[in-house]
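Visitor: Structure file protein24.pdb (PDB, C-alpha atoms and all ligand atoms) right here:
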```pdb
ATOM      1  CA  MET A   1     -24.898-157.276  39.305
ATOM      2  CA  SER A   2     -26.188-154.948  36.588
ATOM      3  CA  ALA A   3     -23.477-152.288  36.742
ATOM      4  CA  SER A   4     -21.189-152.293  33.721
ATOM      5  CA  LEU A   5     -17.560-153.332  33.952
ATOM      6  CA  THR A   6     -16.368-149.729  33.996
ATOM      7  CA  SER A   7     -18.558-148.707  36.914
ATOM      8  CA  ARG A   8     -17.633-151.635  39.140
ATOM      9  CA  TYR A   9     -15.017-151.105  41.827
ATOM     10  CA  GLY A  10     -13.118-153.120  44.373
ATOM     11  CA  ASP A  11     -11.227-152.562  47.605
ATOM     12  CA  LEU A  12      -8.524-155.224  47.804
ATOM     13  CA  HIS A  13      -6.722-154.336  51.039
ATOM     14  CA  LEU A  14      -8.805-154.784  54.188
ATOM     15  CA  HIS A  15      -8.325-155.978  57.774
ATOM     16  CA  THR A  16     -10.759-157.435  60.326
ATOM     17  CA  PHE A  17     -10.493-158.374  63.991
ATOM     18  CA  PHE A  18      -8.868-161.634  62.873
ATOM     19  CA  SER A  19      -5.705-159.483  62.804
ATOM     20  CA  ASP A  20      -5.349-155.821  63.786
ATOM     21  CA  GLY A  21      -8.574-154.473  62.303
ATOM     22  CA  THR A  22     -11.528-153.711  64.564
ATOM     23  CA  TYR A  23     -14.439-154.791  62.335
ATOM     24  CA  SER A  24     -15.982-158.233  62.266
ATOM     25  CA  PRO A  25     -16.392-159.703  58.760
ATOM     26  CA  GLU A  26     -20.100-158.813  58.881
ATOM     27  CA  GLU A  27     -19.403-155.198  59.885
ATOM     28  CA  LEU A  28     -16.799-154.889  57.128
ATOM     29  CA  VAL A  29     -19.199-156.186  54.495
ATOM     30  CA  ALA A  30     -21.972-153.878  55.728
ATOM     31  CA  GLN A  31     -19.582-150.938  55.225
ATOM     32  CA  ALA A  32     -18.681-152.258  51.761
ATOM     33  CA  GLN A  33     -22.372-152.280  50.849
ATOM     34  CA  ARG A  34     -22.706-148.665  51.967
ATOM     35  CA  GLN A  35     -19.755-147.825  49.716
ATOM     36  CA  GLU A  36     -21.358-149.714  46.802
ATOM     37  CA  LEU A  37     -18.273-151.855  46.269
ATOM     38  CA  HIS A  38     -18.602-154.861  43.955
ATOM     39  CA  VAL A  39     -15.582-156.847  45.079
ATOM     40  CA  LEU A  40     -13.562-157.159  48.285
ATOM     41  CA  ALA A  41     -10.361-158.923  49.236
ATOM     42  CA  LEU A  42      -9.532-159.588  52.881
ATOM     43  CA  THR A  43      -5.820-159.211  53.663
ATOM     44  CA  ASP A  44      -5.407-159.821  57.385
ATOM     45  CA  HIS A  45      -1.797-160.054  58.607
ATOM     46  CA  ASP A  46      -0.461-163.632  58.763
ATOM     47  CA  THR A  47      -3.863-165.319  58.821
ATOM     48  CA  VAL A  48      -6.679-166.436  56.519
ATOM     49  CA  GLU A  49      -9.126-167.290  59.312
ATOM     50  CA  GLY A  50     -11.405-164.394  58.394
ATOM     51  CA  CYS A  51     -11.788-165.468  54.777
ATOM     52  CA  VAL A  52     -14.625-167.982  55.187
ATOM     53  CA  PRO A  53     -16.859-165.732  57.323
ATOM     54  CA  THR A  54     -16.146-162.751  55.059
ATOM     55  CA  ALA A  55     -16.901-164.844  51.961
ATOM     56  CA  ASN A  56     -20.215-165.867  53.527
ATOM     57  CA  ALA A  57     -21.120-162.287  54.431
ATOM     58  CA  CYS A  58     -20.163-161.154  50.910
ATOM     59  CA  GLU A  59     -22.290-163.861  49.340
ATOM     60  CA  ALA A  60     -25.314-162.751  51.361
ATOM     61  CA  ALA A  61     -24.674-159.151  50.258
ATOM     62  CA  GLY A  62     -24.124-159.954  46.557
ATOM     63  CA  ILE A  63     -20.474-158.838  46.703
ATOM     64  CA  GLU A  64     -17.675-160.778  45.041
ATOM     65  CA  PHE A  65     -14.957-161.985  47.428
ATOM     66  CA  ILE A  66     -11.264-162.758  46.897
ATOM     67  CA  THR A  67      -9.280-164.526  49.621
ATOM     68  CA  GLY A  68      -6.057-162.917  50.755
ATOM     69  CA  THR A  69      -3.462-162.271  53.407
ATOM     70  CA  GLU A  70      -0.681-159.760  54.099
ATOM     71  CA  LEU A  71       2.738-161.235  54.880
ATOM     72  CA  THR A  72       5.672-159.287  56.310
ATOM     73  CA  ALA A  73       8.896-160.054  54.465
ATOM     74  CA  GLU A  74      12.351-158.670  53.893
ATOM     75  CA  GLN A  75      14.316-157.895  50.755
ATOM     76  CA  ASP A  76      17.883-156.557  50.961
ATOM     77  CA  GLY A  77      17.281-155.360  54.521
ATOM     78  CA  ARG A  78      14.025-153.567  53.645
ATOM     79  CA  GLU A  79      10.693-154.522  55.205
ATOM     80  CA  ILE A  80       8.223-155.422  52.485
ATOM     81  CA  HIS A  81       4.537-156.297  52.855
ATOM     82  CA  LEU A  82       3.350-158.905  50.394
ATOM     83  CA  LEU A  83      -0.309-159.429  49.623
ATOM     84  CA  GLY A  84      -1.231-162.975  48.649
ATOM     85  CA  TYR A  85      -4.472-163.139  46.664
ATOM     86  CA  SER A  86      -6.640-166.129  45.770
ATOM     87  CA  ILE A  87      -4.587-168.476  47.901
ATOM     88  CA  ASP A  88      -6.229-171.704  48.962
ATOM     89  CA  PRO A  89      -7.132-170.973  52.621
ATOM     90  CA  LEU A  90      -6.905-174.692  53.441
ATOM     91  CA  ASN A  91      -3.481-175.288  51.866
ATOM     92  CA  PRO A  92      -1.646-177.343  54.539
ATOM     93  CA  ARG A  93       1.844-175.947  53.921
ATOM     94  CA  PHE A  94       0.533-172.408  53.900
ATOM     95  CA  LEU A  95      -1.242-172.958  57.233
ATOM     96  CA  THR A  96       1.861-174.559  58.782
ATOM     97  CA  GLU A  97       4.081-171.670  57.657
ATOM     98  CA  ILE A  98       1.787-168.873  58.815
ATOM     99  CA  ALA A  99       1.331-170.612  62.182
ATOM    100  CA  LYS A 100       5.076-169.994  62.722
ATOM    101  CA  PHE A 101       4.610-166.294  62.048
ATOM    102  CA  GLN A 102       1.617-166.173  64.386
ATOM    103  CA  ALA A 103       3.868-167.632  67.118
ATOM    104  CA  VAL A 104       6.515-165.011  66.287
ATOM    105  CA  ARG A 105       3.852-162.303  66.723
ATOM    106  CA  GLN A 106       2.703-163.705  70.085
ATOM    107  CA  ASN A 107       6.271-163.918  71.415
ATOM    108  CA  ARG A 108       6.937-160.408  70.195
ATOM    109  CA  ILE A 109       3.984-159.109  72.227
ATOM    110  CA  ARG A 110       5.541-160.645  75.358
ATOM    111  CA  GLU A 111       8.887-159.004  74.545
ATOM    112  CA  MET A 112       7.292-155.604  73.916
ATOM    113  CA  VAL A 113       5.422-155.820  77.221
ATOM    114  CA  GLN A 114       8.631-156.802  79.010
ATOM    115  CA  ARG A 115      10.372-153.736  77.598
ATOM    116  CA  LEU A 116       7.476-151.556  78.709
ATOM    117  CA  ASN A 117       7.729-153.040  82.201
ATOM    118  CA  GLU A 118      11.480-152.285  82.233
ATOM    119  CA  ILE A 119      10.661-148.598  81.819
ATOM    120  CA  ASN A 120       7.958-148.846  84.497
ATOM    121  CA  VAL A 121       4.921-148.983  82.228
ATOM    122  CA  PRO A 122       2.842-151.592  84.063
ATOM    123  CA  LEU A 123       1.076-153.392  81.198
ATOM    124  CA  GLN A 124       0.554-157.161  81.246
ATOM    125  CA  ALA A 125       0.824-159.410  78.216
ATOM    126  CA  GLU A 126      -2.475-161.057  79.186
ATOM    127  CA  GLU A 127      -4.236-157.695  78.858
ATOM    128  CA  VAL A 128      -2.953-157.415  75.278
ATOM    129  CA  PHE A 129      -3.902-160.991  74.399
ATOM    130  CA  ALA A 130      -7.383-160.610  75.884
ATOM    131  CA  LEU A 131      -7.958-157.430  73.886
ATOM    132  CA  ALA A 132      -6.464-158.815  70.657
ATOM    133  CA  ASN A 133      -8.320-162.124  70.933
ATOM    134  CA  CYS A 134      -6.717-163.350  67.698
ATOM    135  CA  ARG A 135      -3.781-165.439  66.517
ATOM    136  CA  ALA A 136      -1.946-162.596  64.789
ATOM    137  CA  PRO A 137      -1.593-159.830  67.400
ATOM    138  CA  GLY A 138       0.483-156.767  66.568
ATOM    139  CA  ARG A 139       1.579-153.370  67.766
ATOM    140  CA  PRO A 140      -1.881-151.819  67.300
ATOM    141  CA  HIS A 141      -3.187-154.215  69.959
ATOM    142  CA  VAL A 142      -0.436-153.136  72.374
ATOM    143  CA  ALA A 143      -1.359-149.518  71.635
ATOM    144  CA  ARG A 144      -5.054-150.180  72.305
ATOM    145  CA  ALA A 145      -4.223-152.022  75.546
ATOM    146  CA  LEU A 146      -2.101-149.055  76.684
ATOM    147  CA  VAL A 147      -5.032-146.700  76.010
ATOM    148  CA  GLN A 148      -7.493-149.060  77.719
ATOM    149  CA  ALA A 149      -5.267-149.247  80.813
ATOM    150  CA  GLY A 150      -5.065-145.438  80.912
ATOM    151  CA  LEU A 151      -1.283-145.538  80.435
ATOM    152  CA  VAL A 152      -1.381-143.293  77.356
ATOM    153  CA  GLY A 153      -3.968-140.874  76.048
ATOM    154  CA  SER A 154      -4.146-142.057  72.449
ATOM    155  CA  LEU A 155      -2.983-144.673  69.950
ATOM    156  CA  ASP A 156      -0.711-142.088  68.330
ATOM    157  CA  GLU A 157       0.894-141.377  71.690
ATOM    158  CA  ALA A 158       1.480-145.111  72.220
ATOM    159  CA  PHE A 159       3.315-145.395  68.881
ATOM    160  CA  GLU A 160       5.216-142.133  69.275
ATOM    161  CA  ARG A 161       6.423-142.805  72.810
ATOM    162  CA  PHE A 162       6.888-146.557  72.817
ATOM    163  CA  LEU A 163       6.108-148.612  69.733
ATOM    164  CA  LYS A 164       7.589-146.921  66.667
ATOM    165  CA  LYS A 165      10.823-148.273  65.277
ATOM    166  CA  ASN A 166      13.715-147.555  67.671
ATOM    167  CA  ARG A 167      11.387-146.432  70.484
ATOM    168  CA  PRO A 168      11.886-148.204  73.868
ATOM    169  CA  ALA A 169       9.288-150.978  73.430
ATOM    170  CA  TRP A 170       9.907-151.615  69.736
ATOM    171  CA  VAL A 171      10.980-155.162  69.006
ATOM    172  CA  PRO A 172      12.095-156.198  65.519
ATOM    173  CA  LYS A 173       9.943-158.887  63.938
ATOM    174  CA  PHE A 174      11.486-162.007  62.449
ATOM    175  CA  LYS A 175      10.621-161.943  58.754
ATOM    176  CA  MET A 176      10.830-164.392  55.900
ATOM    177  CA  SER A 177      12.622-163.365  52.731
ATOM    178  CA  ALA A 178      10.528-161.834  49.957
ATOM    179  CA  ASP A 179      11.463-164.769  47.713
ATOM    180  CA  ASP A 180      10.245-167.285  50.298
ATOM    181  CA  ALA A 181       7.005-165.364  50.821
ATOM    182  CA  THR A 182       6.420-165.183  47.057
ATOM    183  CA  GLU A 183       7.101-168.905  46.690
ATOM    184  CA  LEU A 184       4.762-169.708  49.588
ATOM    185  CA  ILE A 185       1.962-167.677  47.999
ATOM    186  CA  HIS A 186       2.526-169.319  44.607
ATOM    187  CA  GLN A 187       2.565-172.870  45.946
ATOM    188  CA  SER A 188      -0.762-172.072  47.640
ATOM    189  CA  GLY A 189      -2.193-171.174  44.231
ATOM    190  CA  GLY A 190      -2.021-167.457  44.889
ATOM    191  CA  VAL A 191      -0.821-164.236  43.316
ATOM    192  CA  ALA A 192       1.930-162.183  45.037
ATOM    193  CA  VAL A 193       1.524-158.398  45.123
ATOM    194  CA  MET A 194       3.808-155.842  46.754
ATOM    195  CA  ALA A 195       1.726-153.767  49.183
ATOM    196  CA  HIS A 196       1.932-149.961  49.500
ATOM    197  CA  PRO A 197       5.419-149.553  47.948
ATOM    198  CA  GLY A 198       5.195-145.810  48.584
ATOM    199  CA  LEU A 199       5.265-146.428  52.345
ATOM    200  CA  ASN A 200       8.335-148.625  52.333
ATOM    201  CA  ARG A 201      10.414-146.471  49.969
ATOM    202  CA  SER A 202      11.868-149.558  48.430
ATOM    203  CA  ASP A 203      11.790-149.026  44.661
ATOM    204  CA  GLU A 204      15.307-150.364  44.268
ATOM    205  CA  VAL A 205      14.269-153.845  45.415
ATOM    206  CA  ILE A 206      11.447-154.133  42.847
ATOM    207  CA  PRO A 207      13.577-155.578  40.002
ATOM    208  CA  ARG A 208      14.870-158.294  42.363
ATOM    209  CA  MET A 209      11.338-159.084  43.495
ATOM    210  CA  VAL A 210      10.206-159.346  39.886
ATOM    211  CA  GLU A 211      12.990-161.895  39.326
ATOM    212  CA  GLY A 212      11.643-163.726  42.392
ATOM    213  CA  GLY A 213       8.216-164.023  40.751
ATOM    214  CA  LEU A 214       6.361-160.925  41.960
ATOM    215  CA  ASP A 215       3.030-160.704  40.095
ATOM    216  CA  GLY A 216       1.764-157.247  40.923
ATOM    217  CA  ILE A 217       2.110-153.965  42.743
ATOM    218  CA  GLU A 218      -0.395-152.006  44.841
ATOM    219  CA  CYS A 219      -0.450-148.696  42.987
ATOM    220  CA  PHE A 220      -3.546-147.298  44.694
ATOM    221  CA  HIS A 221      -3.451-147.013  48.489
ATOM    222  CA  THR A 222      -4.809-144.563  51.059
ATOM    223  CA  LYS A 223      -1.327-143.244  51.762
ATOM    224  CA  HIS A 224      -0.305-142.887  48.098
ATOM    225  CA  SER A 225      -0.759-139.461  46.540
ATOM    226  CA  ALA A 226      -1.968-139.229  42.933
ATOM    227  CA  ALA A 227       1.659-138.666  41.894
ATOM    228  CA  THR A 228       2.797-141.739  43.841
ATOM    229  CA  ALA A 229       0.067-143.867  42.241
ATOM    230  CA  GLU A 230       1.139-142.628  38.798
ATOM    231  CA  HIS A 231       4.783-143.419  39.591
ATOM    232  CA  TYR A 232       3.889-147.037  40.467
ATOM    233  CA  LEU A 233       1.572-147.379  37.471
ATOM    234  CA  GLN A 234       4.618-146.624  35.328
ATOM    235  CA  ILE A 235       6.687-149.200  37.209
ATOM    236  CA  ALA A 236       3.870-151.746  36.771
ATOM    237  CA  ALA A 237       3.857-151.075  33.033
ATOM    238  CA  ARG A 238       7.649-151.325  32.791
ATOM    239  CA  PHE A 239       7.789-154.704  34.554
ATOM    240  CA  GLN A 240       4.446-155.990  33.236
ATOM    241  CA  LEU A 241       3.024-156.262  36.739
ATOM    242  CA  LEU A 242      -0.625-156.431  37.757
ATOM    243  CA  VAL A 243      -2.058-153.234  39.220
ATOM    244  CA  THR A 244      -4.006-153.473  42.482
ATOM    245  CA  GLY A 245      -5.378-151.080  45.056
ATOM    246  CA  GLY A 246      -7.049-150.944  48.421
ATOM    247  CA  SER A 247      -7.761-148.725  51.376
ATOM    248  CA  ASP A 248      -5.915-150.749  54.076
ATOM    249  CA  CYS A 249      -8.956-150.127  56.288
ATOM    250  CA  HIS A 250      -8.416-151.260  59.896
ATOM    251  CA  GLY A 251     -11.805-150.002  61.167
ATOM    252  CA  LEU A 252     -12.464-146.388  62.051
ATOM    253  CA  SER A 253      -9.672-143.978  61.221
ATOM    254  CA  LYS A 254     -10.137-140.488  62.631
ATOM    255  CA  GLY A 255     -13.824-141.274  63.050
ATOM    256  CA  ARG A 256     -14.576-142.820  59.677
ATOM    257  CA  PRO A 257     -13.855-146.117  57.947
ATOM    258  CA  LEU A 258     -11.354-145.991  55.097
ATOM    259  CA  ILE A 259     -13.048-148.819  53.195
ATOM    260  CA  GLY A 260     -14.127-147.595  49.758
ATOM    261  CA  SER A 261     -11.839-144.544  49.853
ATOM    262  CA  VAL A 262      -9.653-146.383  47.329
ATOM    263  CA  ARG A 263     -11.722-147.767  44.440
ATOM    264  CA  LEU A 264      -9.960-150.123  42.050
ATOM    265  CA  PRO A 265     -11.618-150.304  38.599
ATOM    266  CA  TYR A 266     -12.877-153.807  37.905
ATOM    267  CA  ALA A 267     -10.727-154.226  34.773
ATOM    268  CA  HIS A 268      -7.710-154.641  37.119
ATOM    269  CA  VAL A 269      -9.630-157.242  39.131
ATOM    270  CA  GLU A 270     -10.262-159.208  35.909
ATOM    271  CA  LYS A 271      -6.521-159.315  35.212
ATOM    272  CA  LEU A 272      -5.796-160.389  38.784
ATOM    273  CA  LYS A 273      -8.339-163.215  38.465
ATOM    274  CA  ALA A 274      -6.810-164.377  35.172
ATOM    275  CA  LYS A 275      -3.339-164.462  36.780
ATOM    276  CA  ALA A 276      -4.767-166.317  39.781
ATOM    277  CA  ALA A 277      -6.188-168.994  37.466
ATOM    278  CA  GLU A 278      -2.700-169.436  35.944
ATOM    279  CA  ARG A 279      -1.061-169.655  39.360
ATOM    280  CA  LYS A 280      -3.672-172.135  40.574
ATOM    281  CA  ALA A 281      -3.102-174.383  37.554
ATOM    282  CA  ALA A 282       0.676-174.209  38.044
ATOM    283  CA  ALA A 283       0.359-175.048  41.763
ATOM    284  CA  ALA A 284      -1.877-178.034  40.949
ATOM    285  CA  ARG A 285       0.642-179.315  38.348
ATOM    286  CA  HIS A 286       3.449-178.869  40.866
ATOM    287  CA  SER A 287       1.673-180.692  43.697
ATOM    288  CA  SER A 288       0.733-183.655  41.474
ATOM    289  CA  ALA A 289       4.242-183.932  39.965
TER
HETATM  290  P1  LIG B   1       3.101-154.862  63.423
HETATM  291  O1  LIG B   1       2.639-155.777  62.320
HETATM  292  O2  LIG B   1       2.858-155.454  64.761
HETATM  293  O3  LIG B   1       4.516-154.367  63.264
HETATM  294  O4  LIG B   1       2.156-153.574  63.345
HETATM  295  C1  LIG B   1       2.038-152.899  62.119
HETATM  296  C2  LIG B   1       0.712-152.181  62.079
HETATM  297  O5  LIG B   1       0.746-151.114  63.013
HETATM  298  C3  LIG B   1       0.431-151.554  60.721
HETATM  299  O6  LIG B   1      -0.366-152.388  59.923
HETATM  300  C4  LIG B   1      -0.319-150.295  61.068
HETATM  301  O7  LIG B   1      -1.693-150.588  61.049
HETATM  302  C5  LIG B   1       0.066-149.986  62.497
HETATM  303  N1  LIG B   1       0.993-148.855  62.658
HETATM  304  C6  LIG B   1       2.292-148.826  62.321
HETATM  305  N2  LIG B   1       2.863-147.636  62.636
HETATM  306  C7  LIG B   1       1.877-146.898  63.204
HETATM  307  C8  LIG B   1       1.792-145.576  63.772
HETATM  308  N3  LIG B   1       2.882-144.763  63.806
HETATM  309  N4  LIG B   1       0.609-145.164  64.255
HETATM  310  C9  LIG B   1      -0.467-145.969  64.227
HETATM  311  N5  LIG B   1      -0.469-147.221  63.707
HETATM  312  C10 LIG B   1       0.680-147.674  63.203
HETATM  313 ZN    ZN B   2      -2.441-153.858  59.977
HETATM  314 FE    FE B   3       1.013-153.254  55.323
HETATM  315 FE    FE B   4      -2.512-153.805  55.634
END
```
Could you spell out this file's structure in C-alpha cells?

Guide:
Amino acid sequence: MSASLTSRYGDLHLHTFFSDGTYSPEELVAQAQRQELHVLALTDHDTVEGCVPTANACEAAGIEFITGTELTAEQDGREIHLLGYSIDPLNPRFLTEIAKFQAVRQNRIREMVQRLNEINVPLQAEEVFALANCRAPGRPHVARALVQAGLVGSLDEAFERFLKKNRPAWVPKFKMSADDATELIHQSGGVAVMAHPGLNRSDEVIPRMVEGGLDGIECFHTKHSAATAEHYLQIAARFQLLVTGGSDCHGLSKGRPLIGSVRLPYAHVEKLKAKAAERKAAAARHSSA
C-alpha cells in the first residue's frame, strides 16, 4: 500500500449477513474497495463467524483486516454496546459464551413472534429464521420478515408499530454486565471499545467502565454529529482511551451503503493495534499461568 499514513483510513464498525447486515463478506469488501478504505473491522452482533471469510476477501483485495464483534451489555441499567477488536476467533471460552447469547437471540425471536400473534399479526418464527439464516438473529430480521409477508409497508413501520422499546412485540434482551463483557474480550486477547456512546446517552457510566478495563471509545459514528465526536474525543483524552470510528453499515441505508462514510485516520488504528498486542500478551500469560 503506497498511501502515506495520513491518507490511510479505516472503517471499524461493520455488519454482514452473519448477523443483521445484508451484505456477504465479499460484497462488503467490494464496497470497501470502492470507498478506497485501507483497513476494515467486522463487528457482527454476538458472532465472529464472518471474520475468516471477510479476512480472506480483504486479503485478496489488499485491505488490512481486524477481527471483531459487537456485544450487548448493561451497566447501571443502561444498555451498552461493546466492540471487541482483535479477539482470537477460535478462543474456546469466547465461543462458548457467545453461543449462549446466540441462543438468547433465537429464543427472543420466538417470543417477539408470539407477541405479534397475540395482537393478530400472523407471522411465524420459521419465516424469520429462514430469512435471517444466521445464528445471531435480531429485530431487523423480524422487521424484514414482516415486510416480506406484506404485514407492514416498511422496516421503519415495523419498528415504530411493533419492535421499538415498549411497543407490543418488544422483548427485553438478557444482557451480560459491561464488566463481564470487557473481561471476556480481554481473556480472548482483544480490546474493548464502547460503541456509539452518543446513541446510548450513557456518559455517566464511562468512569465505571474505565475502572472495569475499558480500552477505547467510538468517537466517530454515522449517528454522531461533529460536536458529539468532539465531545467524546475530549472524554477519550481525559480517560486516556483509544479513539475508534466506524459507519455501522448494515447494507443499504436509504439506497446507499454507509461503509466509508466514517473514515478513521490510520494513526488511531496503529494505537489500537499496539493495545491489542498488549492485551494478547496479557491473555497468553494468563492462560499459561
Ligand atoms: P436487536 O439487537 O435485536 O435488539 O436489534 C438491534 C438492531 O436493530 C440495531 O443494530 C439496529 O440496526 C436496528 N434498529 C434498532 N432500532 C431501530 C429502528 N428504530 N429502526 C430501524 N432499525 C433499528
Ligand atoms: Zn446491527
Ligand atoms: Fe450497536
Ligand atoms: Fe453495530

Visitor: For segment 246-258 of chain A, please output as an MDAnalysis selection string all residues within 10 Å (counting all atoms listed in the file; exclusion window: fewer than 6 positions along the same chain).

Guide: chainID A and resid 10:17 19:24 27:28 31:32 40:44 140 195:196 218:223 264

Visitor: Between atom CA of Gly245 of chain A and atom CA of Ala143 of chain A, what is the distance in Å, rounded to a tenth?

Guide: 26.9 Å

Visitor: What is the atom CA of Gly84 of chain A-atom CA of Leu71 of chain A distance in Å, reported with one decimal?

Guide: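 Separation of atom CA of Gly84 of chain A and atom CA of Leu71 of chain A: 7.6 Å.
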
Visitor: Determine the residue membership of the PyMOL selection byres (((chain A and resi 89) around 8) and not hetatm) for the file above and supply it as number ranges by chain.

Guide: A: 48-49, 51, 67, 87-88, 90-91, 94-95

Visitor: For the residues in the current selection, export C-alpha atoms as a PDB file, keeping the file's coordinate frame.

Guide:
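Full text of result_36.pdb as output:
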```pdb
ATOM      1  CA  VAL A  48      -6.679-166.436  56.519  1.00  0.00           C
ATOM      2  CA  GLU A  49      -9.126-167.290  59.312  1.00  0.00           C
ATOM      3  CA  CYS A  51     -11.788-165.468  54.777  1.00  0.00           C
ATOM      4  CA  THR A  67      -9.280-164.526  49.621  1.00  0.00           C
ATOM      5  CA  ILE A  87      -4.587-168.476  47.901  1.00  0.00           C
ATOM      6  CA  ASP A  88      -6.229-171.704  48.962  1.00  0.00           C
ATOM      7  CA  LEU A  90      -6.905-174.692  53.441  1.00  0.00           C
ATOM      8  CA  ASN A  91      -3.481-175.288  51.866  1.00  0.00           C
ATOM      9  CA  PHE A  94       0.533-172.408  53.900  1.00  0.00           C
ATOM     10  CA  LEU A  95      -1.242-172.958  57.233  1.00  0.00           C
TER      11      LEU A  95
END
```

Visitor: For ligand LIG 1 (chain B), which residue among A:Trp170, A:Tyr9, A:Phe65, A:Phe239 is the nearest when counting all atoms listed in the file?

Guide: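 Answer, going by the shortest atom-to-atom distance: A:Trp170.
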
Visitor: With all atoms listed in the file as the atoms that count, which of A:Asn200, A:Gln124, A:Gln240, A:Thr182 lies nearest to ligand LIG 1 (chain B)?

Guide: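 Closest residue, counting all atoms listed in the file: A:Asn200.
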
Visitor: Rank A:Pro25, A:Ala73, A:Glu183, A:Gln35 by their smallest atom-to-atom distance to Ala55 of chain A, using only C-alpha atoms, and report the top residue only.

Guide: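 Among the listed residues, the smallest separation from Ala55 of chain A belongs to A:Pro25.
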
Visitor: So, with only C-alpha atoms as the atoms that count, which of A:Val147, A:Ala178, A:Ile63, A:Ala236 lies closest to Met209 of chain A?

Guide: A:Ala178

Visitor: With all atoms listed in the file as the counted atoms, please give the residues lying no more than 12 Å from Asp180 of chain A, apart from itself and same-chain residues fewer than 3 positions off, as a PyMOL selection string.

Guide: chain A and resi 71-75+82+94+97+175-177+183-187+192+209+212-214

Visitor: Run through the PyMOL selection byres (((chain A and resi 242) around 9) and not hetatm) on the given coordinates and return the selected residues as a list in words.

Guide: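 Listing what the PyMOL selection byres (((chain A and resi 242) around 9) and not hetatm) selects in the shown file: Val193, Asp215, Gly216, Ile217, Glu218, Ala236, Ala237, Gln240, Leu241, Val243, Thr244, His268, Lys271, Leu272 and Lys275 of chain A.
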
Visitor: Quick one: pull the distance between atom CA of Thr228 of chain A and atom CA of Asp76 of chain A, Å, one decimal.

Guide: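 For atom CA of Thr228 of chain A relative to atom CA of Asp76 of chain A, the distance reads 22.3 Å.
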
Visitor: Would you pick out the contacts of Arg105 of chain A at 8 Å or less, using only C-alpha atoms, so that residues sharing its chain but fewer than 4 positions from it are not included, and give the list as a list in words?

Guide: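 Near Arg105 of chain A, the qualifying residues are Phe101, Ile109, Ala136, Pro137, Gly138 and Lys173 of chain A.
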
Visitor: Which residues are close to Leu116 of chain A, i.e. within 9 Å by all atoms listed in the file, leaving aside same-chain residues fewer than 4 positions away? Reply as a VMD selection string.

Guide: chain A and resid 111 to 112 120 to 123 162 168 to 169

Visitor: Can you list, as a ChimeraX atom specification, the residues that the PyMOL selection byres (((chain A and resi 283) around 7) and not hetatm) selects here?

Guide: /A:186-189,279-282,284-287

Visitor: Identify which of the residues A:Ala289, A:Ala145, A:Ile235, A:Met194 lies closest to Ile80 of chain A, counting all atoms listed in the file when measuring atom-to-atom distances.

Guide: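 Ranked by minimum distance to Ile80 of chain A, first place goes to A:Met194.
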
Visitor: Given the choices A:Ser86, A:Asn133, A:Thr69, A:Ser225, which gets closest to ligand FE 4 (chain B) if the distance is worked out from only C-alpha atoms and all ligand atoms?

Guide: A:Thr69
